[in-house]
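Step one of this worksheet: look at the structure below.
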Amino acid sequence: MEKIEVIRHSAAHILAAAVCKVYDNVKFDIGPATDEGFYYDFDLPHRLSTDDFPAIETEMKAIIAANLPFERLEVSRAEAQNMFAGQPYKLDRLADIPEGQTVSIYKTGAYIDLCRGPHVASTGEIGAIRLTAVAGSYYRGDEKNKMLQRVYGIAAATQTELDEIVNRIEEAKKRDHRRIGKELELFTITDDVGPGLAHWLPKGARIRVAIEDYWRKEHFRAGYEMLFTPHVGRAQLWQTSGHLGFYKDGMFPNMNVTEGEGDKSFTEQYYVKPMNCPFHIQAYQARKYSYRDLPLRFAELGTVYRYEKEGVRHGLLRVRGFTQDDAHIFCAPDKIEEEIRFTVKFCLHILHRFGFNDITAYLSTRPEKAVGNPEDWETATASLRNALEAEGLAYQVDEGGGAFYGPKIDMKIKDALGRQWQLGTIQFDFNMPERFDLTYTGEDGKEHRPYMVHRALLGSLERFFGILIEHYAGAFPVWLAPLQVRIMPITDKQLGYAKDLEAKLKALDFRVDVDADNEKIGAKIRKAQLQKIPFMLVIGGREAEAGAVAVRSREEGDKGTMPLEAFIELLREAQQA
RNA sequence: GCCAACUUAGCUCAGCUGGUAGAGCAGCGCAUUCGUAAUGCGCAGGUCAUCGGUUCGAUCCCGAUAGUUGGCUCCA
């Protein structure tokens, strides 16, 4: 265990010791180290809030200043039960320790805790602590259990290190897509329309269009066909697909539509789609396919709605309406290996374009309860595994972690801050083809069941956008930037020339505007920098006279004066990057 | 769904123990015509989330509802 983890875990003990000292009737559970700091779970009559932090921190600092030793004691089960009488959570945890295994406790001053350790030698080794948040947490993470009060904190060997951690957290907050989304006017979610329903504002929409254009172009190149399918479908469709049986709670409630009049009237139920699969299947069933037609690749930027439970929404990362970059591949079993490899390769190609190069795959295999015959699972899983290995992609295996209807690969990327996000998924489905009785005609003239693979590369555009915003901290590369060039005349004498430049660049499909505000050039630059526009053209009398442009880059500052053609060349290059 | 905190102008936030609200930025107007991160002056902008209660009187106290935030649970 790393030293910092030991410090964090020890700080958790000190937190518990302090809380026990400050409040009465404290029952404590456990307090581990986390990636950033530590937490401890308590059950006490007093409702903890951040207002209580100063008192608790003062007590913690006193314990640290006293430099008390962490004493490790090994005791018998009976002794431990005695020590923790009146501590139901501890007794419950004690019961988890297998018979015959040593029961160790750690003593710090008057505070004793059941703990495996290790700990620092004495409290003085914990240089600095700070409590950060209080939150509810179910005992043992089970929502049927009582909710405990969890106090979060951070700890470090020195105050300087603690300050660094605080800074890092602040930096991450500055990148928060919700904050940047507001500052750069990228998207909005309003109370009036409803929670979890995102609106892409003009600048966000420009980015989305750039993403979609690229996505479509690459898909056509890779042999996909595009579909556009309805947003609602009759209850019977969802009955057949099994969604009403399994995922009704995750769907928006039905719409009742009454057709006909009087005695002949009947009421039909419709549901808004939580998935595109049934519709793509309808498209497949629009005609008969032969083995020669396969693999068939149907793609759609399909907007779906899922009634996510309250309390799980988070900006664009978890919404109720979103557009999946979806595709379904219908493939003959003997071609599946090749097709999966092709799909994995394609996925990596797309992710690289967005600056994600650190990619890990997760292979999930057959769970206990599963549909489809075992040989198909075997073939499918092997094709996934072989594709990952052929591409030299690092992967982990989640044995039995697949959905009941098929094995899958999930792709996780690391962003600029090193945080991991799950994006794409390549998922077999042995359920739908059966339910909808999908077939193709084989070489032998007989009907065969195709393999169906569901796949998304970016996941959902909303979520992907949120991740992209944080990854680039709002400073999008030129090809994605909503505005690529801002032209800034120094005085209104250059306005005419500036407008000419704008028209020329627009004619070349660049995204460009003119800042005609009555402001000093310094103010215009500041505005453009804050809006993270990649290129600024400063246009004064000299440039207008020479028919040139003074280029400023978002990252590199003043790049000097050059002819318009030279700038266009520069811009084209930047757009490729 | 659960625990806690929060909700004041387009944005970021003030508002002492109850007497119907302020700033900066953004917006608009006027002046200024300026060379690489903020020119000055002025104007306008609010059902203090919503509903109900207590009170002579509520942005402030109490309750409910909605939403947001941090977690827990969940994520086909």
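If you're wondering about the labels, chains in the structure tokens are A, B, ... by order shown, residues count from 1 in each chain, ligands from 1 in order shown.
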
DSSP on the backbone: which residues in range 219-375 of chain A end up as helix (DSSP H, G or I)? Give the answer as a ChimeraX atom specification. /A:219-221,235-241,243-246,248-250,262-264,277-284,291-293,333-353,374-375

Which chain B residues are at most 10 Å from chain A (counting only C-alpha atoms (C1' of nucleotides)), as a PyMOL selection string? chain B and resi 1-5+11+32-39+49+66-76

Which residue is closest to C60 in chain B? Choose from B:C48, B:G22, B:A14, B:C6 and count only C-alpha atoms (C1' of nucleotides). B:C48

Excluding range 288-297 of chain A and any residue of its chain fewer than 6 positions from it, enumerate the residues within 7 Å of it, using only C-alpha atoms (C1' of nucleotides), and give them as an mmCIF file with C-alpha atoms, in the first residue's frame.
data_model
loop_
_atom_site.group_PDB
_atom_site.id
_atom_site.type_symbol
_atom_site.label_atom_id
_atom_site.label_comp_id
_atom_site.auth_asym_id
_atom_site.auth_seq_id
_atom_site.Cartn_x
_atom_site.Cartn_y
_atom_site.Cartn_z
ATOM 1 C CA TYR A 224 -22.741 1.474 -43.147
ATOM 2 C CA GLU A 225 -26.161 2.628 -44.306
ATOM 3 C CA ALA A 327 -25.743 0.803 -35.271
ATOM 4 C CA HIS A 328 -26.917 -2.761 -35.658
ATOM 5 C CA ILE A 329 -24.943 -5.255 -37.618
ATOM 6 C CA PHE A 330 -26.622 -8.341 -39.025
ATOM 7 C CA CYS A 331 -24.032 -10.921 -39.844
ATOM 8 C CA ALA A 332 -23.733 -14.583 -40.822
ATOM 9 C CA TYR A 440 -31.554 -14.702 -44.050
ATOM 10 C CA THR A 441 -31.324 -17.194 -46.874
ATOM 11 C CA GLY A 442 -28.112 -19.194 -46.807
ATOM 12 C CA GLU A 443 -26.073 -20.724 -49.615
#

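Backbone DSSP assigns strand (DSSP E) in range 512-564 of chain A to Val512, Asp513, Val514, Phe535, Met536, Leu537, Val538, Ile539, Ala548, Val549, Ala550, Val551, Arg552, Ser553, Gly557, Asp558, Lys559, Gly560, Thr561, Met562 and Pro563 of chain A.
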
Write to file, as a compact mmCIF listing (two decimals), in the first residue's frame, the residues of the selection just made, with N, CA, C and O atoms.
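Result written to again27.txt:
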# COMPACT_ATOMS: atom_id res chain seq x y z
N VAL A 512 -16.59 31.74 -38.98
CA VAL A 512 -15.89 32.99 -38.75
C VAL A 512 -16.90 34.10 -38.44
O VAL A 512 -18.04 34.06 -38.89
N ASP A 513 -16.48 35.07 -37.61
CA ASP A 513 -17.31 36.26 -37.44
C ASP A 513 -16.43 37.49 -37.22
O ASP A 513 -15.21 37.39 -37.14
N VAL A 514 -17.09 38.67 -37.17
CA VAL A 514 -16.38 39.93 -37.00
C VAL A 514 -16.84 40.55 -35.69
O VAL A 514 -18.04 40.62 -35.42
N PHE A 535 -8.49 31.09 -33.55
CA PHE A 535 -7.71 32.11 -34.26
C PHE A 535 -8.38 33.47 -34.22
O PHE A 535 -9.60 33.58 -34.35
N MET A 536 -7.55 34.48 -34.01
CA MET A 536 -8.02 35.86 -34.02
C MET A 536 -7.24 36.61 -35.09
O MET A 536 -6.02 36.45 -35.18
N LEU A 537 -7.94 37.40 -35.88
CA LEU A 537 -7.27 38.22 -36.88
C LEU A 537 -7.40 39.68 -36.46
O LEU A 537 -8.50 40.22 -36.41
N VAL A 538 -6.27 40.28 -36.12
CA VAL A 538 -6.27 41.68 -35.72
C VAL A 538 -6.08 42.51 -36.99
O VAL A 538 -5.10 42.34 -37.71
N ILE A 539 -7.04 43.39 -37.26
CA ILE A 539 -7.03 44.13 -38.51
C ILE A 539 -6.96 45.63 -38.23
O ILE A 539 -7.94 46.24 -37.78
N ALA A 548 -3.42 42.19 -45.82
CA ALA A 548 -2.87 41.09 -45.03
C ALA A 548 -3.69 40.90 -43.76
O ALA A 548 -4.70 41.58 -43.55
N VAL A 549 -3.29 39.92 -42.95
CA VAL A 549 -3.95 39.70 -41.66
C VAL A 549 -2.89 39.49 -40.58
O VAL A 549 -1.86 38.87 -40.83
N ALA A 550 -3.12 40.06 -39.39
CA ALA A 550 -2.24 39.81 -38.25
C ALA A 550 -2.89 38.70 -37.44
O ALA A 550 -3.99 38.85 -36.93
N VAL A 551 -2.21 37.56 -37.37
CA VAL A 551 -2.81 36.36 -36.78
C VAL A 551 -2.42 36.21 -35.32
O VAL A 551 -1.26 36.38 -34.95
N ARG A 552 -3.42 35.90 -34.50
CA ARG A 552 -3.16 35.57 -33.10
C ARG A 552 -3.76 34.21 -32.84
O ARG A 552 -4.89 33.95 -33.23
N SER A 553 -3.00 33.34 -32.20
CA SER A 553 -3.53 32.01 -31.90
C SER A 553 -3.91 31.96 -30.44
O SER A 553 -3.28 32.58 -29.59
N GLY A 557 -0.50 32.97 -28.95
CA GLY A 557 -0.44 34.43 -29.00
C GLY A 557 -0.13 34.94 -30.40
O GLY A 557 -0.45 34.28 -31.40
N ASP A 558 0.51 36.09 -30.45
CA ASP A 558 0.78 36.79 -31.72
C ASP A 558 1.64 35.95 -32.66
O ASP A 558 2.72 35.53 -32.30
N LYS A 559 1.13 35.66 -33.85
CA LYS A 559 1.90 34.87 -34.82
C LYS A 559 2.38 35.73 -35.98
O LYS A 559 2.88 35.22 -36.97
N GLY A 560 2.18 37.03 -35.88
CA GLY A 560 2.69 37.93 -36.90
C GLY A 560 1.73 38.14 -38.06
O GLY A 560 0.68 37.50 -38.15
N THR A 561 2.14 39.03 -38.96
CA THR A 561 1.31 39.39 -40.10
C THR A 561 1.64 38.51 -41.29
O THR A 561 2.80 38.15 -41.49
N MET A 562 0.62 38.13 -42.03
CA MET A 562 0.83 37.28 -43.20
C MET A 562 -0.27 37.54 -44.22
O MET A 562 -1.32 38.08 -43.88
N PRO A 563 -0.05 37.15 -45.49
CA PRO A 563 -1.10 37.30 -46.50
C PRO A 563 -2.26 36.38 -46.15
O PRO A 563 -2.06 35.35 -45.50

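Those residues that approach Trp215 in chain A to within 12 Å, counting only C-alpha atoms (C1' of nucleotides), are Arg208, Val209, Arg221, Ala222, Tyr224, Met226, Ala299, Glu300, Leu301, Gln324, Asp325, Asp326, Ala327, Phe346, Cys347, His349, Ile350, Leu351, Arg353, Phe354, Ala456, Leu457, Leu458 and Leu461 of chain A; same-chain residues fewer than 6 positions away are not listed.
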
Could you check how far CA of Ala95 in chain A sits from CA of Ala80 in chain A, in Å to one decimal? 10.5 Å

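The space separating C1' of G40 in chain B from C1' of A23 in chain B comes to 18.6 Å.
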
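In terms of minimum interatomic distance to A26 in chain B, B:A9 ranks closest within B:A9, B:A64, B:A58, B:C43, counting only C-alpha atoms (C1' of nucleotides).
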
Find the spatial neighbours of Thr439 in chain A, counting only C-alpha atoms (C1' of nucleotides), within a cut-off of 7 Å - ignore same-chain residues fewer than 6 positions away - and output them as a list in words. Glu447, His448, Arg449 and Pro450 of chain A
